[in-house]
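What follows is the content of model.cif (mmCIF, C-alpha atoms).
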data_input
#
loop_
_atom_site.group_PDB
_atom_site.id
_atom_site.type_symbol
_atom_site.label_atom_id
_atom_site.label_comp_id
_atom_site.auth_asym_id
_atom_site.auth_seq_id
_atom_site.Cartn_x
_atom_site.Cartn_y
_atom_site.Cartn_z
ATOM 1 C CA MET A 5 2.402 -48.235 -18.686
ATOM 2 C CA ARG A 6 -0.861 -48.425 -16.779
ATOM 3 C CA GLY A 7 -0.668 -47.702 -13.043
ATOM 4 C CA ARG A 8 2.568 -45.711 -13.441
ATOM 5 C CA LEU A 9 1.489 -42.734 -11.329
ATOM 6 C CA ARG A 10 0.320 -44.937 -8.461
ATOM 7 C CA ALA A 11 3.506 -46.959 -8.661
ATOM 8 C CA LEU A 12 5.633 -43.793 -8.506
ATOM 9 C CA THR A 13 3.690 -42.536 -5.493
ATOM 10 C CA ARG A 14 4.219 -45.821 -3.701
ATOM 11 C CA LEU A 15 7.879 -45.886 -4.698
ATOM 12 C CA MET A 16 8.452 -42.679 -2.710
ATOM 13 C CA VAL A 17 7.449 -44.498 0.511
ATOM 14 C CA LEU A 18 9.140 -47.807 -0.261
ATOM 15 C CA GLN A 19 11.076 -47.911 3.009
ATOM 16 C CA ALA A 20 7.900 -47.627 5.102
ATOM 17 C CA THR A 21 7.368 -51.393 4.818
ATOM 18 C CA TRP A 22 10.991 -52.391 5.487
ATOM 19 C CA ASN A 23 11.372 -55.417 7.760
ATOM 20 C CA PHE A 24 14.131 -57.845 8.738
ATOM 21 C CA GLU A 25 12.583 -60.825 6.983
ATOM 22 C CA ARG A 26 12.122 -59.474 3.453
ATOM 23 C CA MET A 27 13.678 -56.022 3.854
ATOM 24 C CA GLN A 28 12.217 -54.045 0.911
ATOM 25 C CA GLY A 29 10.353 -57.032 -0.512
ATOM 26 C CA VAL A 30 6.866 -56.122 0.719
ATOM 27 C CA GLY A 31 7.328 -52.535 -0.433
ATOM 28 C CA MET A 32 8.476 -53.721 -3.860
ATOM 29 C CA GLY A 33 5.326 -55.778 -4.182
ATOM 30 C CA TYR A 34 3.212 -52.793 -3.131
ATOM 31 C CA VAL A 35 4.858 -50.684 -5.843
ATOM 32 C CA ALA A 36 4.511 -53.386 -8.512
ATOM 33 C CA MET A 37 0.829 -54.190 -7.939
ATOM 34 C CA PRO A 38 -0.620 -51.267 -9.980
ATOM 35 C CA LEU A 39 1.728 -52.124 -12.841
ATOM 36 C CA LEU A 40 0.654 -55.770 -12.840
ATOM 37 C CA GLU A 41 -3.093 -55.116 -13.087
ATOM 38 C CA ASP A 42 -3.237 -55.672 -16.862
ATOM 39 C CA LEU A 43 -1.513 -59.026 -16.387
ATOM 40 C CA ALA A 44 -4.607 -60.257 -14.544
ATOM 41 C CA ILE A 45 -6.502 -59.882 -17.828
ATOM 42 C CA GLN A 46 -3.765 -61.096 -20.155
ATOM 43 C CA ASP A 47 -2.701 -64.086 -18.080
ATOM 44 C CA PRO A 48 -4.958 -64.777 -15.060
ATOM 45 C CA VAL A 49 -2.847 -67.780 -14.050
ATOM 46 C CA ARG A 50 0.464 -65.933 -14.042
ATOM 47 C CA HIS A 51 -0.839 -62.792 -12.317
ATOM 48 C CA PRO A 52 -1.040 -64.089 -8.706
ATOM 49 C CA GLU A 53 2.331 -65.796 -9.159
ATOM 50 C CA ALA A 54 3.852 -62.527 -10.393
ATOM 51 C CA VAL A 55 2.417 -60.598 -7.442
ATOM 52 C CA ALA A 56 3.830 -63.174 -5.031
ATOM 53 C CA ARG A 57 7.269 -63.009 -6.697
ATOM 54 C CA SER A 58 7.265 -59.211 -6.450
ATOM 55 C CA THR A 59 7.059 -59.399 -2.638
ATOM 56 C CA GLU A 60 9.994 -61.753 -2.105
ATOM 57 C CA PHE A 61 13.227 -60.679 -0.405
ATOM 58 C CA PHE A 62 14.861 -57.634 -1.949
ATOM 59 C CA ASN A 63 17.221 -54.904 -0.788
ATOM 60 C CA CYS A 64 19.035 -52.114 -2.620
ATOM 61 C CA HIS A 65 19.362 -48.344 -2.497
ATOM 62 C CA PRO A 66 15.769 -47.067 -2.143
ATOM 63 C CA TYR A 67 16.215 -44.335 -4.766
ATOM 64 C CA LEU A 68 17.094 -46.908 -7.442
ATOM 65 C CA ALA A 69 14.586 -49.605 -6.501
ATOM 66 C CA GLY A 70 12.343 -48.467 -9.348
ATOM 67 C CA ILE A 71 14.808 -49.976 -11.823
ATOM 68 C CA ALA A 72 14.253 -53.430 -10.358
ATOM 69 C CA VAL A 73 10.480 -52.920 -10.171
ATOM 70 C CA GLY A 74 10.238 -51.835 -13.794
ATOM 71 C CA ALA A 75 12.537 -54.565 -15.089
ATOM 72 C CA THR A 76 10.794 -57.412 -13.262
ATOM 73 C CA VAL A 77 7.305 -56.185 -14.191
ATOM 74 C CA ARG A 78 8.349 -56.027 -17.835
ATOM 75 C CA ALA A 79 9.768 -59.546 -17.544
ATOM 76 C CA GLU A 80 6.434 -60.784 -16.192
ATOM 77 C CA TYR A 81 4.580 -59.326 -19.183
ATOM 78 C CA ASP A 82 7.174 -60.800 -21.539
ATOM 79 C CA GLY A 83 6.484 -64.265 -20.142
ATOM 80 C CA VAL A 84 9.962 -64.834 -18.732
ATOM 81 C CA PRO A 85 10.048 -67.977 -16.524
ATOM 82 C CA GLY A 86 9.419 -67.185 -12.867
ATOM 83 C CA ALA A 87 12.730 -68.622 -11.686
ATOM 84 C CA GLN A 88 14.564 -66.348 -14.094
ATOM 85 C CA VAL A 89 12.643 -63.307 -12.850
ATOM 86 C CA ILE A 90 13.677 -64.134 -9.287
ATOM 87 C CA ARG A 91 17.304 -64.483 -10.358
ATOM 88 C CA LEU A 92 17.091 -61.073 -12.007
ATOM 89 C CA ARG A 93 15.797 -59.497 -8.788
ATOM 90 C CA THR A 94 18.540 -61.137 -6.769
ATOM 91 C CA ALA A 95 21.238 -60.069 -9.221
ATOM 92 C CA LEU A 96 20.137 -56.432 -9.085
ATOM 93 C CA CYS A 97 20.378 -56.086 -5.287
ATOM 94 C CA GLY A 98 24.143 -55.629 -5.052
ATOM 95 C CA PRO A 99 24.768 -53.349 -8.067
ATOM 96 C CA LEU A 100 21.841 -51.041 -7.324
ATOM 97 C CA GLY A 101 22.824 -50.853 -3.662
ATOM 98 C CA ALA A 102 26.469 -50.040 -4.368
ATOM 99 C CA LEU A 103 25.708 -47.586 -7.162
ATOM 100 C CA GLY A 104 23.109 -45.714 -5.123
ATOM 101 C CA ASP A 105 25.366 -45.514 -2.082
ATOM 102 C CA ARG A 106 28.233 -44.094 -4.151
ATOM 103 C CA LEU A 107 26.054 -41.574 -5.933
ATOM 104 C CA PHE A 108 23.806 -40.364 -3.129
ATOM 105 C CA TRP A 109 25.154 -41.205 0.328
ATOM 106 C CA SER A 110 28.826 -40.660 -0.561
ATOM 107 C CA GLY A 111 28.399 -37.884 -3.108
ATOM 108 C CA VAL A 112 25.173 -35.941 -3.437
ATOM 109 C CA VAL A 113 24.236 -35.732 0.262
ATOM 110 C CA PRO A 114 27.622 -34.434 1.535
ATOM 111 C CA THR A 115 27.844 -32.041 -1.444
ATOM 112 C CA VAL A 116 24.408 -30.561 -0.860
ATOM 113 C CA MET A 117 24.969 -30.305 2.892
ATOM 114 C CA ALA A 118 28.338 -28.604 2.401
ATOM 115 C CA ALA A 119 26.893 -26.148 -0.129
ATOM 116 C CA THR A 120 24.030 -25.315 2.233
ATOM 117 C CA CYS A 121 26.358 -24.761 5.186
ATOM 118 C CA LEU A 122 28.525 -22.467 3.036
ATOM 119 C CA ALA A 123 25.425 -20.512 2.085
ATOM 120 C CA LEU A 124 24.484 -20.204 5.768
ATOM 121 C CA VAL A 125 27.952 -18.919 6.630
ATOM 122 C CA GLN A 126 27.559 -16.315 3.901
ATOM 123 C CA GLY A 127 24.304 -15.172 5.465
ATOM 124 C CA ALA A 128 21.747 -16.847 3.194
ATOM 125 C CA GLY A 129 19.603 -17.808 6.184
ATOM 126 C CA LEU A 130 16.460 -19.908 5.969
ATOM 127 C CA ALA A 131 16.311 -19.581 2.178
ATOM 128 C CA ALA A 132 19.352 -21.868 1.863
ATOM 129 C CA ILE A 133 17.667 -24.635 3.864
ATOM 130 C CA VAL A 134 14.423 -24.330 1.884
ATOM 131 C CA LEU A 135 16.363 -24.494 -1.371
ATOM 132 C CA LEU A 136 18.240 -27.573 -0.110
ATOM 133 C CA VAL A 137 14.985 -29.393 0.652
ATOM 134 C CA VAL A 138 13.404 -28.468 -2.689
ATOM 135 C CA LEU A 139 16.425 -29.350 -4.833
ATOM 136 C CA TYR A 140 17.242 -32.599 -3.085
ATOM 137 C CA ASN A 141 13.696 -33.901 -3.140
ATOM 138 C CA GLY A 142 13.339 -32.790 -6.745
ATOM 139 C CA LEU A 143 16.391 -34.896 -7.589
ATOM 140 C CA ARG A 144 14.943 -37.775 -5.595
ATOM 141 C CA LEU A 145 11.643 -37.628 -7.516
ATOM 142 C CA ALA A 146 13.317 -37.252 -10.904
ATOM 143 C CA THR A 147 15.580 -40.242 -10.183
ATOM 144 C CA GLY A 148 12.585 -42.366 -9.170
ATOM 145 C CA ILE A 149 10.695 -41.505 -12.368
ATOM 146 C CA TRP A 150 13.719 -42.243 -14.519
ATOM 147 C CA ALA A 151 14.480 -45.479 -12.678
ATOM 148 C CA LEU A 152 10.979 -46.926 -13.101
ATOM 149 C CA ASP A 153 10.792 -46.016 -16.790
ATOM 150 C CA ALA A 154 14.328 -47.207 -17.542
ATOM 151 C CA GLY A 155 13.763 -50.532 -15.814
ATOM 152 C CA TYR A 156 10.488 -51.163 -17.610
ATOM 153 C CA GLY A 157 11.973 -50.199 -20.954
ATOM 154 C CA ALA A 158 14.970 -52.513 -20.555
ATOM 155 C CA GLY A 159 13.333 -55.598 -19.027
ATOM 156 C CA MET A 160 15.760 -58.505 -18.882
ATOM 157 C CA GLN A 161 18.430 -56.316 -20.530
ATOM 158 C CA VAL A 162 18.459 -53.955 -17.563
ATOM 159 C CA SER A 163 22.079 -54.694 -16.626
ATOM 160 C CA LYS A 164 23.312 -53.478 -20.000
ATOM 161 C CA ALA A 165 21.063 -50.413 -19.844
ATOM 162 C CA LEU A 166 22.296 -49.635 -16.343
ATOM 163 C CA ALA A 167 25.946 -49.901 -17.362
ATOM 164 C CA ASN A 168 25.390 -47.367 -20.162
ATOM 165 C CA SER A 169 23.246 -44.977 -18.125
ATOM 166 C CA TRP A 170 24.040 -41.588 -16.595
ATOM 167 C CA LEU A 171 24.089 -43.209 -13.153
ATOM 168 C CA THR A 172 27.445 -44.896 -13.576
ATOM 169 C CA ARG A 173 29.029 -41.742 -14.964
ATOM 170 C CA ALA A 174 27.583 -39.558 -12.221
ATOM 171 C CA ALA A 175 28.666 -41.981 -9.474
ATOM 172 C CA SER A 176 32.270 -41.870 -10.697
ATOM 173 C CA ARG A 177 32.336 -38.061 -10.863
ATOM 174 C CA ILE A 178 30.436 -36.950 -7.777
ATOM 175 C CA ASN A 179 33.009 -37.914 -5.122
ATOM 176 C CA PRO A 180 35.604 -35.314 -6.182
ATOM 177 C CA VAL A 181 32.809 -32.727 -6.190
ATOM 178 C CA ALA A 182 31.855 -33.731 -2.638
ATOM 179 C CA GLY A 183 35.480 -33.539 -1.514
ATOM 180 C CA PHE A 184 35.896 -30.089 -3.063
ATOM 181 C CA ALA A 185 32.694 -28.776 -1.460
ATOM 182 C CA ILE A 186 33.712 -30.041 1.979
ATOM 183 C CA GLY A 187 37.229 -28.686 1.480
ATOM 184 C CA LEU A 188 35.719 -25.253 0.920
ATOM 185 C CA LEU A 189 33.328 -25.569 3.832
ATOM 186 C CA VAL A 190 35.550 -26.651 6.704
ATOM 187 C CA PRO A 191 38.050 -23.736 6.848
ATOM 188 C CA LYS A 192 35.366 -21.182 6.011
ATOM 189 C CA ALA A 193 33.045 -22.519 8.713
ATOM 190 C CA MET A 194 35.831 -22.753 11.285
ATOM 191 C CA ILE A 195 36.860 -19.144 10.698
ATOM 192 C CA TRP A 196 33.253 -18.036 11.067
ATOM 193 C CA LEU A 197 32.652 -20.193 14.113
ATOM 194 C CA LEU A 198 35.766 -19.159 15.989
ATOM 195 C CA ALA A 199 35.469 -15.434 15.289
ATOM 196 C CA GLY A 200 34.479 -13.898 18.584
ATOM 197 C CA ALA A 201 33.894 -17.298 20.225
ATOM 198 C CA ASP A 202 34.751 -17.792 23.861
ATOM 199 C CA ARG A 203 37.665 -19.991 24.931
ATOM 200 C CA TRP A 204 35.670 -23.129 25.676
ATOM 201 C CA PHE A 205 33.903 -23.067 22.329
ATOM 202 C CA VAL A 206 37.292 -22.905 20.590
ATOM 203 C CA VAL A 207 38.671 -25.765 22.689
ATOM 204 C CA ILE A 208 35.661 -28.001 22.052
ATOM 205 C CA ALA A 209 35.769 -27.336 18.309
ATOM 206 C CA LEU A 210 39.480 -28.146 18.113
ATOM 207 C CA VAL A 211 39.152 -31.315 20.197
ATOM 208 C CA VAL A 212 36.278 -32.621 18.088
ATOM 209 C CA GLY A 213 38.209 -31.810 14.928
ATOM 210 C CA LEU A 214 41.292 -33.684 16.144
ATOM 211 C CA VAL A 215 39.187 -36.698 17.130
ATOM 212 C CA GLY A 216 37.579 -36.744 13.697
ATOM 213 C CA ALA A 217 40.964 -36.553 11.984
ATOM 214 C CA GLY A 218 42.304 -39.357 14.176
ATOM 215 C CA LEU A 219 39.364 -41.620 13.391
ATOM 216 C CA ALA A 220 39.724 -41.025 9.653
ATOM 217 C CA PHE A 221 43.428 -41.876 9.884
ATOM 218 C CA ARG A 222 42.820 -44.976 12.026
ATOM 219 C CA PHE A 223 39.955 -46.309 9.916
ATOM 220 C CA PRO A 224 40.644 -45.260 6.289
ATOM 221 C CA SER A 225 38.028 -47.651 4.912
ATOM 222 C CA ARG A 226 35.377 -45.603 6.737
ATOM 223 C CA ALA A 227 36.542 -42.306 5.251
ATOM 224 C CA THR A 228 33.206 -41.689 3.547
ATOM 225 C CA SER A 229 31.319 -42.067 6.814
ATOM 226 C CA PHE A 230 33.682 -39.708 8.590
ATOM 227 C CA ARG A 231 33.391 -37.180 5.786
ATOM 228 C CA PHE A 232 29.624 -37.267 6.091
ATOM 229 C CA GLY A 233 29.942 -37.005 9.858
ATOM 230 C CA LEU A 234 32.244 -33.990 9.539
ATOM 231 C CA VAL A 235 29.691 -32.097 7.496
ATOM 232 C CA THR A 236 27.000 -33.004 10.021
ATOM 233 C CA LEU A 237 29.237 -31.753 12.831
ATOM 234 C CA VAL A 238 29.840 -28.441 11.086
ATOM 235 C CA ALA A 239 26.099 -28.060 10.523
ATOM 236 C CA ALA A 240 25.483 -28.681 14.241
ATOM 237 C CA LEU A 241 28.152 -26.168 15.230
ATOM 238 C CA LEU A 242 26.666 -23.585 12.878
ATOM 239 C CA LEU A 243 23.295 -24.121 14.498
ATOM 240 C CA ALA A 244 24.813 -23.850 17.978
ATOM 241 C CA ARG A 245 26.609 -20.621 17.045
ATOM 242 C CA GLY A 246 23.412 -19.225 15.554
ATOM 243 C CA ILE A 247 21.410 -20.013 18.693
ATOM 244 C CA ALA A 248 24.118 -18.583 20.913
#
For this file, produce the structure as C-alpha coordinates.
Amino acid sequence: MRGRLRALTRLMVLQATWNFERMQGVGMGYVAMPLLEDLAIQDPVRHPEAVARSTEFFNCHPYLAGIAVGATVRAEYDGVPGAQVIRLRTALCGPLGALGDRLFWSGVVPTVMAATCLALVQGAGLAAIVLLVVLYNGLRLATGIWALDAGYGAGMQVSKALANSWLTRAASRINPVAGFAIGLLVPKAMIWLLAGADRWFVVIALVVGLVGAGLAFRFPSRATSFRFGLVTLVAALLLARGIA
(Lines of atoms letter the chains of each structure in order from A and count residues from 1; the text may use other names and numbers.)
(Lines give C-alpha, C1' and ligand atoms only; values in the text may rest on other atoms or scores of the structure.)
Protein backbone atom coordinates (compact mmCIF):
# COMPACT_ATOMS: atom_id res chain seq x y z
CA MET A 1 0.00 0.00 0.00
CA ARG A 2 1.90 3.01 -1.28
CA GLY A 3 1.76 6.14 0.88
CA ARG A 4 0.92 4.12 4.01
CA LEU A 5 3.46 5.80 6.29
CA ARG A 6 2.35 9.29 5.28
CA ALA A 7 -1.27 8.32 5.71
CA LEU A 8 -0.59 6.97 9.21
CA THR A 9 1.24 10.16 10.17
CA ARG A 10 -1.67 12.26 8.98
CA LEU A 11 -4.15 9.97 10.70
CA MET A 12 -2.60 10.86 14.07
CA VAL A 13 -3.60 14.53 13.56
CA LEU A 14 -6.99 13.88 11.98
CA GLN A 15 -8.88 16.10 14.42
CA ALA A 16 -6.73 19.14 13.60
CA THR A 17 -8.94 19.88 10.58
CA TRP A 18 -12.28 19.30 12.33
CA ASN A 19 -14.96 21.84 11.43
CA PHE A 20 -18.73 22.17 11.81
CA GLU A 21 -19.47 21.82 8.12
CA ARG A 22 -17.72 18.53 7.30
CA MET A 23 -16.47 17.57 10.76
CA GLN A 24 -13.66 15.07 10.02
CA GLY A 25 -14.23 15.14 6.27
CA VAL A 26 -11.31 17.39 5.33
CA GLY A 27 -8.98 15.42 7.58
CA MET A 28 -10.14 12.15 6.03
CA GLY A 29 -9.31 13.50 2.60
CA TYR A 30 -5.89 14.63 3.83
CA VAL A 31 -5.20 11.12 5.13
CA ALA A 32 -6.47 9.42 1.96
CA MET A 33 -4.52 11.52 -0.55
CA PRO A 34 -1.18 9.63 -0.26
CA LEU A 35 -3.04 6.33 -0.64
CA LEU A 36 -4.82 7.52 -3.78
CA GLU A 37 -1.69 8.60 -5.67
CA ASP A 38 -1.46 5.38 -7.71
CA LEU A 39 -5.07 5.85 -8.78
CA ALA A 40 -4.00 8.95 -10.71
CA ILE A 41 -1.95 6.65 -12.95
CA GLN A 42 -4.41 3.76 -13.12
CA ASP A 43 -7.52 5.85 -13.67
CA PRO A 44 -6.83 9.58 -14.23
CA VAL A 45 -10.55 10.31 -14.61
CA ARG A 46 -11.59 8.65 -11.37
CA HIS A 47 -8.73 10.04 -9.27
CA PRO A 48 -9.99 13.64 -8.78
CA GLU A 49 -13.49 12.29 -8.13
CA ALA A 50 -12.11 9.91 -5.49
CA VAL A 51 -10.17 12.71 -3.80
CA ALA A 52 -13.29 14.88 -3.72
CA ARG A 53 -15.37 12.02 -2.25
CA SER A 54 -12.75 11.44 0.46
CA THR A 55 -13.26 14.99 1.79
CA GLU A 56 -17.04 14.84 2.15
CA PHE A 57 -18.81 14.90 5.53
CA PHE A 58 -17.63 12.24 7.95
CA ASN A 59 -17.55 11.80 11.71
CA CYS A 60 -16.63 8.87 13.95
CA HIS A 61 -14.26 8.06 16.78
CA PRO A 62 -10.88 9.49 15.66
CA TYR A 63 -8.94 6.38 16.71
CA LEU A 64 -10.98 4.18 14.35
CA ALA A 65 -11.22 6.56 11.40
CA GLY A 66 -8.45 4.62 9.66
CA ILE A 67 -10.90 1.77 9.06
CA ALA A 68 -13.11 4.03 6.97
CA VAL A 69 -10.13 5.54 5.15
CA GLY A 70 -8.70 2.15 4.24
CA ALA A 71 -12.04 0.67 3.20
CA THR A 72 -13.05 3.59 0.97
CA VAL A 73 -9.61 3.83 -0.66
CA ARG A 74 -9.73 0.12 -1.45
CA ALA A 75 -13.22 0.58 -2.89
CA GLU A 76 -11.92 3.34 -5.17
CA TYR A 77 -9.19 1.06 -6.52
CA ASP A 78 -11.72 -1.75 -6.96
CA GLY A 79 -13.83 0.50 -9.17
CA VAL A 80 -16.87 0.56 -6.90
CA PRO A 81 -19.43 3.17 -8.09
CA GLY A 82 -18.94 6.53 -6.40
CA ALA A 83 -22.43 6.62 -4.92
CA GLN A 84 -21.81 3.27 -3.26
CA VAL A 85 -18.51 4.49 -1.80
CA ILE A 86 -20.31 7.47 -0.27
CA ARG A 87 -22.96 5.19 1.21
CA LEU A 88 -20.21 3.07 2.73
CA ARG A 89 -18.64 6.13 4.38
CA THR A 90 -21.99 7.23 5.73
CA ALA A 91 -22.81 3.77 7.06
CA LEU A 92 -19.52 3.54 8.95
CA CYS A 93 -19.98 6.79 10.91
CA GLY A 94 -22.34 5.46 13.57
CA PRO A 95 -20.78 2.03 14.25
CA LEU A 96 -17.21 3.34 14.40
CA GLY A 97 -18.28 6.21 16.64
CA ALA A 98 -20.19 4.00 19.08
CA LEU A 99 -17.56 1.27 19.14
CA GLY A 100 -14.70 3.70 19.73
CA ASP A 101 -16.57 5.53 22.48
CA ARG A 102 -17.32 2.27 24.30
CA LEU A 103 -13.78 0.97 23.99
CA PHE A 104 -11.75 4.10 24.64
CA TRP A 105 -13.76 6.87 26.31
CA SER A 106 -15.84 4.54 28.50
CA GLY A 107 -13.26 1.83 29.09
CA VAL A 108 -9.59 2.36 28.37
CA VAL A 109 -9.29 6.00 29.49
CA PRO A 110 -10.95 5.57 32.93
CA THR A 111 -9.03 2.30 33.47
CA VAL A 112 -5.66 3.84 32.67
CA MET A 113 -6.39 6.94 34.75
CA ALA A 114 -7.51 4.85 37.72
CA ALA A 115 -4.44 2.61 37.49
CA THR A 116 -2.17 5.66 37.34
CA CYS A 117 -3.83 7.30 40.33
CA LEU A 118 -3.46 4.05 42.31
CA ALA A 119 0.22 3.97 41.40
CA LEU A 120 0.59 7.58 42.59
CA VAL A 121 -1.08 6.75 45.89
CA GLN A 122 1.38 3.90 46.31
CA GLY A 123 4.26 6.32 45.80
CA ALA A 124 5.21 5.61 42.18
CA GLY A 125 5.64 9.33 41.49
CA LEU A 126 6.42 10.78 38.08
CA ALA A 127 7.27 7.36 36.64
CA ALA A 128 3.58 6.39 36.76
CA ILE A 129 2.57 9.42 34.68
CA VAL A 130 5.34 8.83 32.14
CA LEU A 131 4.30 5.19 31.83
CA LEU A 132 0.66 6.25 31.36
CA VAL A 133 1.59 8.57 28.48
CA VAL A 134 3.80 5.98 26.78
CA LEU A 135 1.36 3.08 27.09
CA TYR A 136 -1.72 5.02 26.08
CA ASN A 137 -0.12 6.61 23.04
CA GLY A 138 1.40 3.27 22.09
CA LEU A 139 -2.10 1.79 22.12
CA ARG A 140 -3.36 4.74 20.11
CA LEU A 141 -0.67 4.25 17.44
CA ALA A 142 -1.12 0.48 17.29
CA THR A 143 -4.89 0.89 16.89
CA GLY A 144 -4.40 3.40 14.06
CA ILE A 145 -2.03 1.07 12.19
CA TRP A 146 -4.38 -1.87 12.60
CA ALA A 147 -7.42 0.18 11.60
CA LEU A 148 -5.90 1.45 8.34
CA ASP A 149 -4.63 -1.99 7.32
CA ALA A 150 -7.84 -3.77 8.30
CA GLY A 151 -10.00 -1.30 6.40
CA TYR A 152 -7.88 -1.52 3.26
CA GLY A 153 -7.80 -5.30 3.42
CA ALA A 154 -11.58 -5.61 3.78
CA GLY A 155 -12.78 -2.95 1.33
CA MET A 156 -16.53 -3.14 0.84
CA GLN A 157 -16.66 -6.11 3.25
CA VAL A 158 -15.45 -3.95 6.12
CA SER A 159 -18.64 -4.35 8.16
CA LYS A 160 -18.20 -8.11 8.33
CA ALA A 161 -14.50 -7.75 9.16
CA LEU A 162 -15.31 -5.24 11.88
CA ALA A 163 -17.93 -7.50 13.45
CA ASN A 164 -15.39 -10.34 13.70
CA SER A 165 -12.50 -8.19 14.90
CA TRP A 166 -10.91 -7.84 18.34
CA LEU A 167 -12.54 -4.42 18.69
CA THR A 168 -16.02 -5.73 19.36
CA ARG A 169 -14.75 -8.26 21.89
CA ALA A 170 -12.59 -5.69 23.67
CA ALA A 171 -15.42 -3.13 23.79
CA SER A 172 -17.71 -5.64 25.51
CA ARG A 173 -15.09 -6.62 28.10
CA ILE A 174 -13.40 -3.35 29.01
CA ASN A 175 -16.25 -1.75 30.99
CA PRO A 176 -16.12 -4.25 33.88
CA VAL A 177 -12.35 -3.72 33.98
CA ALA A 178 -12.87 0.05 34.20
CA GLY A 179 -15.44 -0.38 36.96
CA PHE A 180 -13.12 -2.66 38.94
CA ALA A 181 -10.17 -0.26 38.59
CA ILE A 182 -12.24 2.70 39.76
CA GLY A 183 -13.71 0.62 42.58
CA LEU A 184 -10.18 -0.03 43.81
CA LEU A 185 -9.11 3.58 43.37
CA VAL A 186 -11.83 5.53 45.15
CA PRO A 187 -11.58 4.08 48.70
CA LYS A 188 -7.80 3.83 48.51
CA ALA A 189 -7.46 7.43 47.33
CA MET A 190 -9.94 8.72 49.90
CA ILE A 191 -8.08 7.03 52.75
CA TRP A 192 -4.81 8.52 51.51
CA LEU A 193 -6.31 11.94 50.94
CA LEU A 194 -8.04 12.21 54.29
CA ALA A 195 -5.15 10.91 56.37
CA GLY A 196 -3.83 13.93 58.21
CA ALA A 197 -6.01 16.35 56.21
CA ASP A 198 -7.46 19.39 57.89
CA ARG A 199 -11.19 19.70 58.57
CA TRP A 200 -12.08 21.79 55.54
CA PHE A 201 -10.33 19.45 53.13
CA VAL A 202 -12.36 16.55 54.54
CA VAL A 203 -15.61 18.51 54.27
CA ILE A 204 -14.96 19.57 50.68
CA ALA A 205 -14.06 16.02 49.64
CA LEU A 206 -17.21 14.59 51.22
CA VAL A 207 -19.47 17.26 49.72
CA VAL A 208 -18.07 16.74 46.23
CA GLY A 209 -18.43 12.99 46.62
CA LEU A 210 -22.07 13.29 47.68
CA VAL A 211 -22.82 15.62 44.77
CA GLY A 212 -21.25 13.17 42.35
CA ALA A 213 -23.26 10.28 43.79
CA GLY A 214 -26.46 12.33 43.57
CA LEU A 215 -25.86 13.23 39.94
CA ALA A 216 -25.18 9.61 39.01
CA PHE A 217 -28.42 8.57 40.73
CA ARG A 218 -30.44 11.39 39.13
CA PHE A 219 -29.06 10.87 35.63
CA PRO A 220 -28.31 7.13 35.25
CA SER A 221 -27.95 7.40 31.48
CA ARG A 222 -24.90 9.62 32.06
CA ALA A 223 -23.22 7.15 34.40
CA THR A 224 -20.21 6.77 32.12
CA SER A 225 -19.59 10.51 32.10
CA PHE A 226 -19.86 10.70 35.86
CA ARG A 227 -17.51 7.76 36.26
CA PHE A 228 -14.96 9.50 34.08
CA GLY A 229 -15.52 12.70 36.01
CA LEU A 230 -15.00 10.90 39.32
CA VAL A 231 -11.60 9.64 38.25
CA THR A 232 -10.68 13.14 37.07
CA LEU A 233 -11.78 14.54 40.43
CA VAL A 234 -9.65 12.04 42.34
CA ALA A 235 -6.68 12.89 40.14
CA ALA A 236 -7.19 16.60 40.89
CA LEU A 237 -7.45 15.93 44.62
CA LEU A 238 -4.29 13.85 44.53
CA LEU A 239 -2.51 16.71 42.82
CA ALA A 240 -3.87 19.20 45.36
CA ARG A 241 -2.76 16.99 48.26
CA GLY A 242 0.67 16.58 46.69
CA ILE A 243 1.10 20.34 46.26
CA ALA A 244 -0.12 20.99 49.78
Check: Which residues fall under the PyMOL selection byres ((chain A and resi 120) around 12) in this file, as a PyMOL selection string?
Finding: chain A and resi 113-119+121-137+139-140+185-186+188-189+193+235-236+238-239+242
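The space separating atom CA of Met37 of chain A from atom CA of Gly70 of chain A comes to 12.9 Å.
Here atom CA of Thr94 of chain A is placed at a distance of 21.0 Å from atom CA of Leu107 of chain A.
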Please, which residues in segment 52-75 of chain A fall within 9 Å of segment 162-179 of chain A when counting all atoms listed in the file, and what is the closest atom pair and distance in Å to one decimal for each, ordered by chain then residue number, as JSON lines?
{"residue": "A:Ile71", "atom": "CA", "partner": "A:Val162", "partner_atom": "CA", "distance": 7.9}
{"residue": "A:Ala72", "atom": "CA", "partner": "A:Val162", "partner_atom": "CA", "distance": 8.4}
{"residue": "A:Ala75", "atom": "CA", "partner": "A:Val162", "partner_atom": "CA", "distance": 6.4}
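Coordinates place atom CA of Leu96 of chain A at a distance of 20.4 Å from atom CA of Ala146 of chain A.
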Checklist line | Residue contacts of segment 12-28 of chain A (9 Å, all atoms listed in the file) excluding same-chain residues fewer than 2 positions away, as a PyMOL selection string | finding: chain A and resi 7-10+30-36+59-64+66-67+69-70+144-145+148-149+152
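Candidate residues A:Gln88, A:Leu68, A:Val73, A:Pro191 were compared for distance to Val55 of chain A, and the nearest is A:Val73, using all atoms listed in the file.
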Note to self: Just checking: using only C-alpha atoms, which residue out of A:Gly111, A:Gly142, A:Pro48, A:Gly157 ends up closest to Gly183 of chain A?
What the structure shows: A:Gly111
Margin query: Since I can't run it myself right now, could you work out what the PyMOL selection byres ((chain A and resi 89) around 10) selects here and report it as an NGL selection string?
Written below: :A and (54 or 57-58 or 75-80 or 83-88 or 90-95 or 159-160)
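Shortest separation to Pro52 of chain A among A:Gly155, A:Val190, A:Gly29, A:Leu40 occurs at residue A:Leu40, atoms counted being all atoms listed in the file.
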Margin query: Show me, as number ranges by chain, the residues that have an atom within 7 Å of His65 of chain A when counting only C-alpha atoms, minus same-chain residues fewer than 4 positions from it.
Written below: A: 69, 100-101, 104-105
